[in-house]
Structures are given as structure tokens and as C-alpha cells.
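Coordinates from model_13.txt are shown below (compact mmCIF, C-alpha atoms and all ligand atoms).
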# COMPACT_ATOMS: atom_id res chain seq x y z
CA MET A 1 117.39 113.55 190.69
CA MET A 2 116.30 114.20 194.29
CA GLU A 3 119.20 114.73 196.70
CA THR A 4 119.12 112.60 199.89
CA GLU A 5 121.64 111.76 202.62
CA VAL A 6 120.74 108.14 203.31
CA LYS A 7 123.27 105.61 204.65
CA LEU A 8 124.04 103.26 201.78
CA THR A 9 123.73 100.04 203.79
CA LYS A 10 120.28 101.10 205.05
CA LEU A 11 119.09 100.91 201.44
CA ALA A 12 120.17 97.27 201.11
CA SER A 13 118.00 94.36 202.28
CA CYS A 14 121.09 92.10 202.28
CA ALA A 15 124.69 93.06 201.88
CA GLY A 16 127.50 92.16 199.51
CA CYS A 17 127.91 88.50 198.56
CA GLY A 18 125.29 87.64 201.20
CA ALA A 19 122.73 88.68 198.56
CA LYS A 20 123.62 85.73 196.33
CA VAL A 21 120.99 83.19 195.36
CA GLY A 22 121.83 79.94 197.19
CA ALA A 23 123.95 77.35 195.36
CA GLY A 24 121.13 74.78 195.35
CA THR A 25 118.61 77.24 193.88
CA LEU A 26 121.17 78.36 191.29
CA ALA A 27 121.84 74.79 190.14
CA ARG A 28 118.09 74.06 189.76
CA MET A 29 117.60 77.36 187.93
CA LEU A 30 120.27 76.61 185.35
CA GLU A 31 119.15 73.11 184.34
CA GLY A 32 116.29 71.87 182.22
CA PHE A 33 116.58 73.81 178.97
CA GLU A 34 118.45 73.25 175.73
CA THR A 35 122.07 74.40 175.63
CA HIS A 36 124.68 74.07 172.91
CA TYR A 37 128.23 72.78 172.69
CA ASP A 38 131.10 75.01 171.58
CA PRO A 39 134.54 73.37 171.53
CA ARG A 40 136.21 76.70 172.29
CA LEU A 41 134.26 77.08 175.54
CA ILE A 42 136.59 75.13 177.81
CA VAL A 43 134.92 76.28 181.05
CA GLY A 44 131.19 76.99 180.85
CA TYR A 45 128.62 77.51 183.56
CA ASP A 46 127.87 73.79 183.77
CA LYS A 47 131.16 73.53 185.68
CA SER A 48 130.00 75.90 188.45
CA ASP A 49 133.40 77.57 188.24
CA ASP A 50 134.34 81.18 188.96
CA ALA A 51 134.34 82.43 185.37
CA SER A 52 133.95 81.13 181.82
CA VAL A 53 136.99 80.48 179.63
CA TYR A 54 136.78 80.72 175.84
CA VAL A 55 139.80 79.83 173.70
CA ILE A 56 140.74 82.46 171.12
CA THR A 57 144.15 81.19 169.94
CA ASP A 58 146.57 78.46 171.10
CA GLU A 59 148.06 81.02 173.48
CA VAL A 60 145.14 83.18 174.53
CA ALA A 61 141.80 82.41 176.16
CA LEU A 62 139.16 84.93 177.19
CA VAL A 63 138.03 84.82 180.84
CA GLN A 64 134.62 86.39 181.54
CA THR A 65 132.71 86.93 184.74
CA THR A 66 130.22 89.27 186.35
CA ASP A 67 129.44 90.07 189.95
CA PHE A 68 127.36 92.81 191.55
CA PHE A 69 125.59 93.39 194.85
CA PRO A 70 123.91 95.91 197.19
CA PRO A 71 126.11 98.10 199.43
CA ILE A 72 128.08 96.38 202.16
CA VAL A 73 129.56 99.67 203.45
CA ASP A 74 128.26 103.23 203.76
CA ASP A 75 131.22 104.97 202.12
CA PRO A 76 130.35 105.00 198.39
CA TYR A 77 133.98 105.14 197.19
CA LEU A 78 134.82 102.11 199.34
CA PHE A 79 131.69 100.30 198.15
CA GLY A 80 132.86 100.86 194.57
CA GLN A 81 136.31 99.54 195.40
CA ILE A 82 135.01 96.44 197.21
CA ALA A 83 132.43 95.57 194.53
CA ALA A 84 135.11 95.89 191.85
CA ALA A 85 137.73 93.88 193.81
CA ASN A 86 135.10 91.17 194.29
CA ALA A 87 134.18 91.05 190.60
CA LEU A 88 137.82 91.04 189.47
CA SER A 89 138.58 88.21 191.88
CA ASP A 90 136.90 85.54 189.75
CA VAL A 91 139.39 86.26 186.94
CA TYR A 92 142.29 85.82 189.37
CA ALA A 93 140.70 82.60 190.66
CA MET A 94 140.98 81.22 187.09
CA GLY A 95 144.66 82.21 186.96
CA GLY A 96 143.87 85.05 184.56
CA GLU A 97 144.61 88.75 184.32
CA PRO A 98 141.73 91.25 184.02
CA ARG A 99 141.93 93.62 181.06
CA THR A 100 138.57 95.35 180.51
CA ALA A 101 135.42 95.81 182.58
CA LEU A 102 131.89 97.20 182.27
CA ASN A 103 130.06 98.91 185.13
CA ILE A 104 126.73 97.36 186.16
CA MET A 105 124.63 99.73 188.19
CA CYS A 106 121.15 100.05 189.68
CA LEU A 107 120.17 103.27 191.45
CA PRO A 108 117.18 104.51 193.41
CA GLU A 109 115.92 107.66 191.67
CA SER A 110 116.48 109.59 194.89
CA MET A 111 120.21 108.87 195.11
CA ASP A 112 122.41 111.99 195.00
CA LYS A 113 124.90 112.55 192.19
CA HIS A 114 127.91 112.72 194.47
CA THR A 115 127.24 109.23 195.89
CA VAL A 116 126.83 107.74 192.42
CA HIS A 117 130.01 109.45 191.28
CA GLU A 118 131.97 108.15 194.26
CA ILE A 119 130.82 104.54 193.67
CA LEU A 120 131.97 104.77 190.05
CA ARG A 121 135.25 106.45 191.01
CA GLY A 122 136.02 103.68 193.53
CA GLY A 123 135.26 100.96 190.99
CA TYR A 124 137.33 102.66 188.30
CA ALA A 125 140.33 103.07 190.60
CA LYS A 126 140.22 99.43 191.71
CA ALA A 127 139.89 98.12 188.14
CA TYR A 128 142.82 100.32 187.10
CA GLU A 129 144.90 98.99 190.01
CA ALA A 130 144.15 95.49 188.65
CA GLY A 131 145.44 96.51 185.21
CA ALA A 132 141.94 96.71 183.71
CA ILE A 133 140.22 99.64 182.09
CA ILE A 134 136.49 100.36 182.43
CA THR A 135 135.12 100.57 178.91
CA GLY A 136 131.43 101.27 179.59
CA GLY A 137 128.49 99.90 181.49
CA HIS A 138 124.74 99.88 181.95
CA THR A 139 122.57 101.67 184.52
CA ILE A 140 118.95 101.18 185.56
CA HIS A 141 116.69 102.59 188.26
CA GLY A 142 115.54 100.35 191.08
CA ALA A 143 114.63 100.41 194.76
CA GLU A 144 118.01 99.12 196.02
CA PRO A 145 121.39 100.36 194.85
CA ILE A 146 123.53 97.70 193.18
CA TYR A 147 127.02 97.97 191.77
CA GLY A 148 129.49 95.58 190.20
CA LEU A 149 131.40 94.76 187.05
CA ALA A 150 131.39 92.45 184.08
CA VAL A 151 135.06 91.67 183.62
CA ALA A 152 137.05 90.30 180.70
CA GLY A 153 140.56 89.00 181.13
CA PHE A 154 143.06 86.68 179.52
CA VAL A 155 144.75 83.43 180.48
CA HIS A 156 146.89 80.92 178.59
CA PRO A 157 144.53 78.04 177.68
CA ASP A 158 146.93 75.52 179.25
CA LYS A 159 147.27 77.49 182.47
CA VAL A 160 143.65 77.82 183.50
CA LEU A 161 143.11 77.23 187.23
CA THR A 162 139.75 75.49 187.57
CA ASN A 163 137.90 74.53 190.74
CA SER A 164 137.82 70.88 189.64
CA GLY A 165 141.47 69.80 189.43
CA ALA A 166 142.39 69.00 193.05
CA GLU A 167 144.32 65.75 193.49
CA PRO A 168 144.90 63.43 196.46
CA GLY A 169 147.96 64.58 198.38
CA ASP A 170 147.44 68.28 197.59
CA VAL A 171 147.78 70.82 200.36
CA LEU A 172 144.99 73.41 200.77
CA LEU A 173 146.08 77.03 201.11
CA LEU A 174 143.64 79.82 201.99
CA THR A 175 144.34 83.52 201.61
CA LYS A 176 142.37 86.14 203.62
CA PRO A 177 140.85 85.35 207.04
CA LEU A 178 137.10 84.58 207.32
CA GLY A 179 134.33 86.40 209.18
CA VAL A 180 133.44 89.30 206.89
CA GLY A 181 129.74 88.40 206.60
CA VAL A 182 129.25 88.08 210.35
CA ILE A 183 131.10 91.34 211.08
CA THR A 184 129.26 93.38 208.45
CA THR A 185 125.94 91.98 209.71
CA ALA A 186 126.79 93.09 213.26
CA ALA A 187 127.99 96.44 211.92
CA LYS A 188 124.45 97.17 210.73
CA ALA A 189 123.48 97.17 214.43
CA ASP A 190 126.47 99.44 215.22
CA LEU A 191 128.12 96.68 217.25
CA VAL A 192 131.57 96.73 215.67
CA GLU A 193 134.42 99.07 216.67
CA ALA A 194 135.89 101.30 213.98
CA PRO A 195 139.39 99.69 213.91
CA VAL A 196 137.83 96.25 213.31
CA LEU A 197 135.69 97.62 210.51
CA ASP A 198 138.68 99.39 208.98
CA ARG A 199 140.57 96.10 209.01
CA ILE A 200 137.87 94.14 207.20
CA TYR A 201 137.12 97.02 204.78
CA ARG A 202 140.78 97.08 203.80
CA GLN A 203 140.72 93.30 203.38
CA MET A 204 137.61 93.36 201.15
CA ALA A 205 139.11 96.11 198.99
CA THR A 206 142.34 94.14 198.55
CA LEU A 207 142.72 92.50 195.14
CA ASN A 208 143.56 88.81 194.89
CA LYS A 209 146.16 89.87 192.32
CA ALA A 210 149.21 89.38 194.54
CA ALA A 211 147.99 85.90 195.50
CA ARG A 212 147.31 84.96 191.86
CA ASP A 213 150.69 86.29 190.74
CA VAL A 214 152.44 83.94 193.18
CA LEU A 215 150.18 80.91 192.59
CA VAL A 216 150.73 80.91 188.80
CA ASN A 217 154.43 80.25 189.42
CA TYR A 218 153.56 76.84 190.89
CA PRO A 219 151.83 73.77 189.41
CA VAL A 220 148.59 74.56 191.29
CA HIS A 221 145.99 71.86 190.62
CA SER A 222 142.87 73.77 191.58
CA CYS A 223 141.79 77.23 192.68
CA THR A 224 138.62 79.14 193.52
CA ASP A 225 137.77 82.25 195.47
CA VAL A 226 135.97 81.86 198.78
CA THR A 227 133.04 84.23 198.43
CA GLY A 228 129.26 83.97 198.67
CA PHE A 229 129.07 80.20 199.21
CA ALA A 230 131.58 80.42 202.07
CA LEU A 231 134.56 78.21 202.82
CA LEU A 232 132.48 75.03 203.09
CA GLY A 233 130.27 75.76 200.05
CA HIS A 234 133.24 76.48 197.78
CA SER A 235 135.21 73.55 199.25
CA PHE A 236 132.22 71.31 198.58
CA GLU A 237 132.18 72.46 194.93
CA MET A 238 135.95 71.88 194.60
CA ALA A 239 135.64 68.41 196.13
CA GLN A 240 132.72 67.42 193.91
CA GLY A 241 134.28 68.86 190.76
CA SER A 242 137.59 67.12 191.49
CA GLY A 243 136.15 63.77 192.60
CA CYS A 244 138.16 64.02 195.83
CA THR A 245 137.59 64.72 199.51
CA LEU A 246 138.84 67.92 201.12
CA TYR A 247 140.00 67.63 204.74
CA ILE A 248 139.87 70.97 206.53
CA ARG A 249 141.47 71.42 209.94
CA ALA A 250 139.02 73.71 211.72
CA HIS A 251 141.66 75.17 214.02
CA ALA A 252 144.05 75.98 211.18
CA VAL A 253 141.53 78.19 209.36
CA PRO A 254 142.27 81.89 209.88
CA PHE A 255 139.38 84.16 210.92
CA HIS A 256 138.91 87.58 212.48
CA PRO A 257 138.62 86.89 216.24
CA GLU A 258 135.79 89.43 216.60
CA ALA A 259 133.76 87.38 214.12
CA LEU A 260 133.78 84.36 216.41
CA GLU A 261 132.57 86.50 219.33
CA LEU A 262 129.79 87.96 217.17
CA ALA A 263 128.81 84.53 215.82
CA ARG A 264 128.51 83.35 219.43
CA MET A 265 126.12 86.26 219.98
CA GLY A 266 124.03 85.11 217.00
CA PHE A 267 125.03 87.57 214.27
CA ILE A 268 124.75 85.04 211.47
CA PRO A 269 123.80 86.42 208.03
CA ALA A 270 120.91 84.76 206.16
CA GLY A 271 123.34 83.61 203.47
CA ALA A 272 125.15 81.45 206.03
CA TYR A 273 121.96 79.44 206.61
CA ARG A 274 121.50 79.02 202.84
CA ASN A 275 125.12 77.85 202.56
CA ARG A 276 124.68 75.38 205.40
CA GLU A 277 121.50 74.02 203.80
CA TYR A 278 123.35 73.53 200.51
CA ALA A 279 126.62 72.03 201.71
CA GLN A 280 126.07 70.36 205.06
CA ALA A 281 124.92 67.01 203.64
CA GLY A 282 128.37 66.75 202.08
CA VAL A 283 130.28 67.89 205.17
CA GLN A 284 131.27 65.51 207.94
CA VAL A 285 132.43 67.00 211.22
CA SER A 286 134.84 64.96 213.33
CA GLY A 287 136.21 65.90 216.75
CA LYS A 288 135.09 69.02 218.54
CA VAL A 289 134.14 72.06 216.46
CA GLU A 290 132.28 74.81 218.29
CA GLN A 291 128.96 75.70 216.63
CA ALA A 292 129.94 79.38 216.24
CA LEU A 293 133.22 78.41 214.56
CA GLU A 294 131.33 76.15 212.17
CA ASP A 295 129.01 79.09 211.45
CA LEU A 296 132.06 81.09 210.30
CA PHE A 297 132.84 78.38 207.78
CA TYR A 298 129.36 78.89 206.26
CA ASP A 299 129.64 82.69 206.43
CA PRO A 300 129.41 84.36 202.98
CA GLN A 301 132.60 86.27 202.28
CA THR A 302 132.45 89.40 200.16
CA SER A 303 135.66 89.73 198.16
CA GLY A 304 137.17 86.77 200.01
CA GLY A 305 140.51 85.11 199.42
CA LEU A 306 141.66 82.25 197.20
CA LEU A 307 141.50 78.57 198.11
CA ALA A 308 144.21 76.65 196.26
CA ALA A 309 145.05 72.95 196.07
CA VAL A 310 148.82 72.82 195.69
CA PRO A 311 151.03 69.73 195.26
CA GLU A 312 152.67 68.83 198.57
CA GLU A 313 156.23 69.09 197.11
CA CYS A 314 155.91 72.81 196.50
CA ALA A 315 153.26 73.79 199.07
CA GLU A 316 155.66 75.12 201.69
CA GLU A 317 157.63 77.21 199.19
CA CYS A 318 154.40 78.53 197.68
CA LEU A 319 153.11 79.44 201.15
CA GLN A 320 156.35 81.27 201.98
CA GLN A 321 156.25 83.18 198.67
CA LEU A 322 152.63 84.21 199.34
CA LEU A 323 153.56 85.44 202.80
CA ALA A 324 156.60 87.26 201.38
CA ALA A 325 154.27 88.96 198.88
CA GLY A 326 152.21 90.24 201.82
CA VAL A 327 149.34 87.79 201.26
CA GLU A 328 147.90 86.56 204.56
CA THR A 329 147.86 82.81 203.88
CA ALA A 330 147.38 79.64 205.92
CA ARG A 331 147.72 75.92 205.26
CA ILE A 332 144.21 74.77 206.20
CA GLY A 333 144.06 71.14 205.15
CA TYR A 334 144.70 68.56 202.47
CA VAL A 335 143.06 66.51 199.72
CA THR A 336 142.47 62.74 199.71
CA GLU A 337 140.87 60.14 197.45
CA GLN A 338 137.09 60.47 197.47
CA GLN A 339 135.55 59.33 200.77
CA GLU A 340 131.92 59.18 201.81
CA ALA A 341 131.82 62.90 202.62
CA ALA A 342 133.00 65.53 200.12
CA VAL A 343 134.43 67.66 202.91
CA CYS A 344 135.69 66.51 206.31
CA LEU A 345 135.95 69.19 208.95
CA GLU A 346 138.41 68.06 211.61
CA GLY A 347 138.11 69.50 215.12
N1 LIG A 401 121.87 83.70 185.62
C1 LIG A 401 122.89 82.89 185.28
N2 LIG A 401 122.99 82.37 184.05
C2 LIG A 401 123.98 81.54 183.69
N3 LIG A 401 124.95 81.17 184.52
C3 LIG A 401 124.91 81.65 185.78
C4 LIG A 401 123.89 82.54 186.22
N4 LIG A 401 124.14 82.85 187.52
C5 LIG A 401 125.25 82.19 187.84
N5 LIG A 401 125.72 81.46 186.81
C6 LIG A 401 126.87 80.57 186.75
O1 LIG A 401 126.87 79.74 187.91
C7 LIG A 401 128.20 79.45 188.33
C8 LIG A 401 128.39 79.86 189.75
O2 LIG A 401 128.10 81.25 189.84
P1 LIG A 401 128.60 82.10 191.03
O3 LIG A 401 128.11 83.49 190.82
O4 LIG A 401 128.27 81.38 192.26
O5 LIG A 401 130.16 82.00 190.81
P2 LIG A 401 131.21 83.01 191.32
O6 LIG A 401 131.16 84.22 190.46
O7 LIG A 401 132.48 82.27 191.46
O8 LIG A 401 130.69 83.41 192.73
P3 LIG A 401 131.44 84.36 193.74
O9 LIG A 401 131.06 85.74 193.37
O10 LIG A 401 130.80 83.93 195.02
O11 LIG A 401 132.90 84.07 193.58
C9 LIG A 401 129.12 80.20 187.37
O12 LIG A 401 129.52 79.30 186.38
C10 LIG A 401 128.21 81.27 186.80
O13 LIG A 401 128.61 81.68 185.53
MG MG A 402 134.14 82.81 192.52
Spit out the file's structure as C-alpha cells when you get a sec.
Amino acid sequence: MMETEVKLTKLASCAGCGAKVGAGTLARMLEGFETHYDPRLIVGYDKSDDASVYVITDEVALVQTTDFFPPIVDDPYLFGQIAAANALSDVYAMGGEPRTALNIMCLPESMDKHTVHEILRGGYAKAYEAGAIITGGHTIHGAEPIYGLAVAGFVHPDKVLTNSGAEPGDVLLLTKPLGVGVITTAAKADLVEAPVLDRIYRQMATLNKAARDVLVNYPVHSCTDVTGFALLGHSFEMAQGSGCTLYIRAHAVPFHPEALELARMGFIPAGAYRNREYAQAGVQVSGKVEQALEDLFYDPQTSGGLLAAVPEECAEECLQQLLAAGVETARIGYVTEQQEAAVCLEG
């Protein structure tokens, strides 16, 4: 292996969850060929959910998911941690607990051994923090570095949190503020101060475990993680899957204030345009919502938070328990019977 000192993000054409294929393209890609029914597969990819769920016994179901992407930060240990936290998140979004994981890796031949080692060490540490053990992996050579995990976890078959169970009257809770895609895009042009970057790096490396551990104590109707398809893309999927409309109060949605400034300056990642293209036909905007704020709602989030639809009766207690557990959470809206638009964004 040749030894080079190249900044990791300079090797990536698009960063983190911003590298995802758009939701529309994905849907078209996955249809049109023969598939087979298995009664034990209670959540398959036809549901466009966060992970698959396969029943093993009356009490145990297997949750499986994979996620990987090019570097979103230059520090290889941190990249490993963030990529792992992001991959593990889909198990939490299903209400499950991760148990084992496989490394998925692509490396330019010129990458130095220390960098590779640090990526793996970061991923291993984050998986271990989640209660999962890395059992192996697969590595190939390629022009752009890529890292992520294939994760297996468990959930009780009756306690699966899908993205299609929201009910009219539910309150929408969101953990983790938005703006990560915009800020990391601006960071590539060295336009973000170190303390701001530290804040969002810490956020991306934070597991959704604490949030999941609180949510499973309540009769949550629906849950997903807000990642590559952004708040409005994932809300659109939840609304469509649930046959309901999601009302989101634009001014109640938490975001990093620097992200709004940067969005006003035009630092919008390509993924945000793909997300807008996919979801905007289903989103109705009422009242006054500044364009840059709307852009944040289409901004792809790497290792974003959880969006949960919680019955009104227990929403306040659930919110307080999340806050008490140190999970930055906000009540961002509510669910109604299906209206003309899948998602209503209220100014
Ligand atoms: N190549 C593929 N083959 C089969 N299913 C796929 C493929 N790519 C994605 N999917 C499925 O499409 C659905 C949506 O995938 P996606 O990666 O957007 O979900 P996700 O992991 O929740 O995303 P995020 O990382 O943004 O949380 C899932 O059911 C996933 O399993
Ligand atoms: Mg997900």
C-alpha cells in the first residue's frame, strides 16, 4: 500500500447520507421483477422502512439493515464512529437492539494503514457502545473510500416500530436538530468554525439508543430515523405508509442556527434537491416559511434523530423522559386523517 496524507473528505464526491440514491430512483429500481412471499418476513423492503424484520420465534424477531457512505469528516476515527452510529440507527428506529455487525469497506489502494485502522477502530468502538459486536466484514478497492455496517439486532415481534403506524391525533416528536448536511457542505469550503463543527460531529456520533430506550416504554405508533431523505422525505414516507397526513410546524422544528445562515448563503447539498424533487408534490406549505428554512427540511441528515408518532395522552410524559435522558427532543407537529397533501408544513 502507498502511504498518502490526503484529507478524507477530499476523496469523497458527496458526503455521508447525502450520497444516497434519491427515494424516487430507489423505488423505481426496486420494482418490476419477481419477488417471493415469506410469512416470517413481517417488514420487507416493499414497505420502504428502516430495516427488515424476520420472525424467528413468538418472542424474537431479527432486525437487519445496512448503511455505508463516503467520508463526511476528515478524522478517520470519527468517520468510523459516525458511519457506525448511522448504520445502527435503523435498528433503533425499528425499536430493536443491535447485537452483531459486519464492516463494509471500500478503500483507494493509496490509503495509508493508519487511516484504515482508525476508521475500523471508530466503528468497532461505536458498535460496542451500542451493545453490538463486530463479527467480520468485507473489503474492496475503489476510487472513493466507503465505510459502514451491516447490522443484525433483535426486537419482540409485537413491539416493532414501523414507519407506517401513525394515527390521527398522534403527536410528532423529533430528536436531534437539523442542518448537518448544509453545515458539512459548507465545511468543505472551510466556512464553518471549529466549535460548530465539534457540535455537529458529536451529534452525528451520538447513538439513537437513549431515544429508543425511552420510546419503547410508551405505546409509540410509528417511528423512523430522519436521515438521507431529510425531515420532509421521511415524513412523506410515514404519512403515505400510515394513510394519514403529518402536520409539521416549521417554527417548532429544531435546527442548528448556523445551518440557516449557511442555507441563506446557498450551501445546499445536492441530496437536498433530490429530496425536494421526490417529496415536494406531497408537501403543502401554508403561512410564511422562509425558503432557506424549507431547504433545511429537505437537507439530508447523516446519523439524524428519530421521528416518532406518539399518542397524545402520553406525548408530554414521553417528551419529558426523553429530555431527562439527555435526548434533545422537540414536539414538531401532529397527525390527522388523510388530507389532500401527505405533509402540511405550517408557517
Ligand atoms: N439495493 C437494494 N435492494 C433491496 N432493497 C433496498 C436496496 N436499497 C435500499 N433498499 C430498501 O429500500 C428501503 C429504503 O432504504 P433506505 O436505505 O432509504 O432506508 P434507511 O436505511 O432507513 O435509510 P437511512 O439510512 O436514510 O435511514 C429499505 O427497505 C431498504 O431495505
Ligand atoms: Mg432509516
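Nearest residue to Glu129 (chain A) among A:Ile56, A:Val192, A:Ala85, A:Ala325 is A:Ala85, counting all atoms listed in the file.
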Q. Within 10 Å of region 17-30 of chain A, counting all atoms listed in the file, which residues qualify if same-chain residues fewer than 4 places away don't, as a PyMOL selection string?
A. chain A and resi 12-13+45-46+48+67-72+83+86+181-182+185+227-230+233-234+237+269-279+299-304
Q | Option closest in space to ligand LIG 401 (chain A), from A:Asp225, A:Glu34, A:Glu313, A:Asp190 [counting all atoms listed in the file] | A | A:Asp225
Q) How far is it from CA of His221 (chain A) to CA of Val171 (chain A), in Å with one decimal? A) 10.0 Å
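With CA of Phe236 (chain A) on one side and CA of Phe297 (chain A) on the other, the separation reads 11.6 Å.
Once only C-alpha atoms and all ligand atoms are used for the distance check, the residues close to ligand MG 402 (chain A) at 7 Å turn out to be Asp49, Asp50, Asp90, Ala93, Thr224, Asp225, Val226 and Thr227 of chain A.
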Q: Tell me, in Å to one decimal, how far atom C7 of ligand LIG 401 (chain A) is from CA of Thr206 (chain A).
A: 22.8 Å
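Residue nearest ligand LIG 401 (chain A), chosen from A:Ala341, A:Val60, A:Leu322, A:Val43 and counting all atoms listed in the file: A:Val43.
Shortest separation to ligand LIG 401 (chain A) among A:Leu172, A:Ala210, A:Ala51, A:Leu8 occurs at residue A:Ala51, atoms counted being all atoms listed in the file.
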Using all atoms listed in the file, what table do you get, as a tab-separated table, when you list each residue of region 78-190 of chain A with an atom no more than 10 Å from region 238-260 of chain A, its nearest pair of atoms, and their distance in Å rounded to one decimal, rows by chain then rising number?
residue	atom	partner	partner_atom	distance
A:Thr162	CA	A:Met238	CA	8.8
A:Asn163	CA	A:Met238	CA	5.1
A:Ser164	CA	A:Ser242	CA	4.2
A:Gly165	CA	A:Ser242	CA	5.1
A:Ala166	CA	A:Ser242	CA	5.4
A:Glu167	CA	A:Cys244	CA	6.8
A:Pro168	CA	A:Cys244	CA	6.8
A:Asp170	CA	A:Leu246	CA	9.3
A:Val171	CA	A:Leu246	CA	9.4
A:Leu172	CA	A:Ile248	CA	8.1
A:Leu173	CA	A:Val253	CA	9.5
A:Leu174	CA	A:Val253	CA	7.8
A:Thr175	CA	A:Pro254	CA	8.7
A:Lys176	CA	A:Pro254	CA	7.6
A:Pro177	CA	A:Phe255	CA	4.3
A:Leu178	CA	A:Phe255	CA	4.3
A:Gly179	CA	A:Ala259	CA	5.1
A:Val180	CA	A:Ala259	CA	7.5
A:Gly181	CA	A:Ala259	CA	8.6
A:Val182	CA	A:Ala259	CA	5.9
A:Ile183	CA	A:Ala259	CA	5.7
A:Thr184	CA	A:Ala259	CA	9.4
A:Ala186	CA	A:Ala259	CA	9.1
**Q.** Nearest to ligand LIG 401 (chain A) by atom-to-atom distance, counting all atoms listed in the file, from A:Val283, A:Ala342, A:Leu307, A:Ala101
**A.** A:Leu307
Q: Determine the nearest neighbour of Lys126 (chain A) from the options A:Gln81, A:Thr329, A:Asn208, A:Ser286, counting only C-alpha atoms.
A: A:Gln81
Take every atom of ligand LIG 401 (chain A) listed in the file, fit an axis-aligned box around them, add 8 Å per side, and give the centre and edge lengths in Å to one decimal as AutoDock Vina command-line options.
--center_x 127.4 --center_y 82.5 --center_z 189.4 --size_x 27.0 --size_y 22.4 --size_z 27.3
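For Glu317 (chain A), the list of residues within 12 Å, based on all atoms listed in the file and with local chain neighbours fewer than 6 positions off taken out, reads Val171, Leu173, Val214, Leu215, Asn217, Tyr218, Pro219, Val310, Pro311, Leu323, Ala324 and Arg331 of chain A.
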I need the chosen residues saved as an mmCIF file, keeping the file's coordinate frame, with C-alpha atoms.
data_model
loop_
_atom_site.group_PDB
_atom_site.id
_atom_site.type_symbol
_atom_site.label_atom_id
_atom_site.label_comp_id
_atom_site.auth_asym_id
_atom_site.auth_seq_id
_atom_site.Cartn_x
_atom_site.Cartn_y
_atom_site.Cartn_z
ATOM 1 C CA VAL A 171 147.780 70.820 200.360
ATOM 2 C CA LEU A 173 146.080 77.030 201.110
ATOM 3 C CA VAL A 214 152.440 83.940 193.180
ATOM 4 C CA LEU A 215 150.180 80.910 192.590
ATOM 5 C CA ASN A 217 154.430 80.250 189.420
ATOM 6 C CA TYR A 218 153.560 76.840 190.890
ATOM 7 C CA PRO A 219 151.830 73.770 189.410
ATOM 8 C CA VAL A 310 148.820 72.820 195.690
ATOM 9 C CA PRO A 311 151.030 69.730 195.260
ATOM 10 C CA LEU A 323 153.560 85.440 202.800
ATOM 11 C CA ALA A 324 156.600 87.260 201.380
ATOM 12 C CA ARG A 331 147.720 75.920 205.260
#
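Look at Gly80 (chain A): the protein and nucleic acid residues within 10 Å of it, using only C-alpha atoms and passing over chain neighbours fewer than 2 places away, are A:Pro71, A:Val73, A:Asp75, A:Pro76, A:Tyr77, A:Leu78, A:Ile82, A:Ala83, A:Ala84, A:Ala85, A:Asn86, A:Val116, A:His117, A:Glu118, A:Ile119, A:Leu120, A:Arg121, A:Gly122, A:Gly123, A:Tyr124, A:Ala125, A:Lys126, A:Ala127, A:Ile146, A:Tyr147, A:Gly148, A:Leu149, A:Ala205.
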Could you turn the residues from that selection into a file that holds C-alpha atoms, as a PDB file, keeping the file's coordinate frame?
ATOM      1  CA  PRO A  71     126.110  98.100 199.430  1.00  0.00           C
ATOM      2  CA  VAL A  73     129.560  99.670 203.450  1.00  0.00           C
ATOM      3  CA  ASP A  75     131.220 104.970 202.120  1.00  0.00           C
ATOM      4  CA  PRO A  76     130.350 105.000 198.390  1.00  0.00           C
ATOM      5  CA  TYR A  77     133.980 105.140 197.190  1.00  0.00           C
ATOM      6  CA  LEU A  78     134.820 102.110 199.340  1.00  0.00           C
ATOM      7  CA  ILE A  82     135.010  96.440 197.210  1.00  0.00           C
ATOM      8  CA  ALA A  83     132.430  95.570 194.530  1.00  0.00           C
ATOM      9  CA  ALA A  84     135.110  95.890 191.850  1.00  0.00           C
ATOM     10  CA  ALA A  85     137.730  93.880 193.810  1.00  0.00           C
ATOM     11  CA  ASN A  86     135.100  91.170 194.290  1.00  0.00           C
ATOM     12  CA  VAL A 116     126.830 107.740 192.420  1.00  0.00           C
ATOM     13  CA  HIS A 117     130.010 109.450 191.280  1.00  0.00           C
ATOM     14  CA  GLU A 118     131.970 108.150 194.260  1.00  0.00           C
ATOM     15  CA  ILE A 119     130.820 104.540 193.670  1.00  0.00           C
ATOM     16  CA  LEU A 120     131.970 104.770 190.050  1.00  0.00           C
ATOM     17  CA  ARG A 121     135.250 106.450 191.010  1.00  0.00           C
ATOM     18  CA  GLY A 122     136.020 103.680 193.530  1.00  0.00           C
ATOM     19  CA  GLY A 123     135.260 100.960 190.990  1.00  0.00           C
ATOM     20  CA  TYR A 124     137.330 102.660 188.300  1.00  0.00           C
ATOM     21  CA  ALA A 125     140.330 103.070 190.600  1.00  0.00           C
ATOM     22  CA  LYS A 126     140.220  99.430 191.710  1.00  0.00           C
ATOM     23  CA  ALA A 127     139.890  98.120 188.140  1.00  0.00           C
ATOM     24  CA  ILE A 146     123.530  97.700 193.180  1.00  0.00           C
ATOM     25  CA  TYR A 147     127.020  97.970 191.770  1.00  0.00           C
ATOM     26  CA  GLY A 148     129.490  95.580 190.200  1.00  0.00           C
ATOM     27  CA  LEU A 149     131.400  94.760 187.050  1.00  0.00           C
ATOM     28  CA  ALA A 205     139.110  96.110 198.990  1.00  0.00           C
TER      29      ALA A 205
END
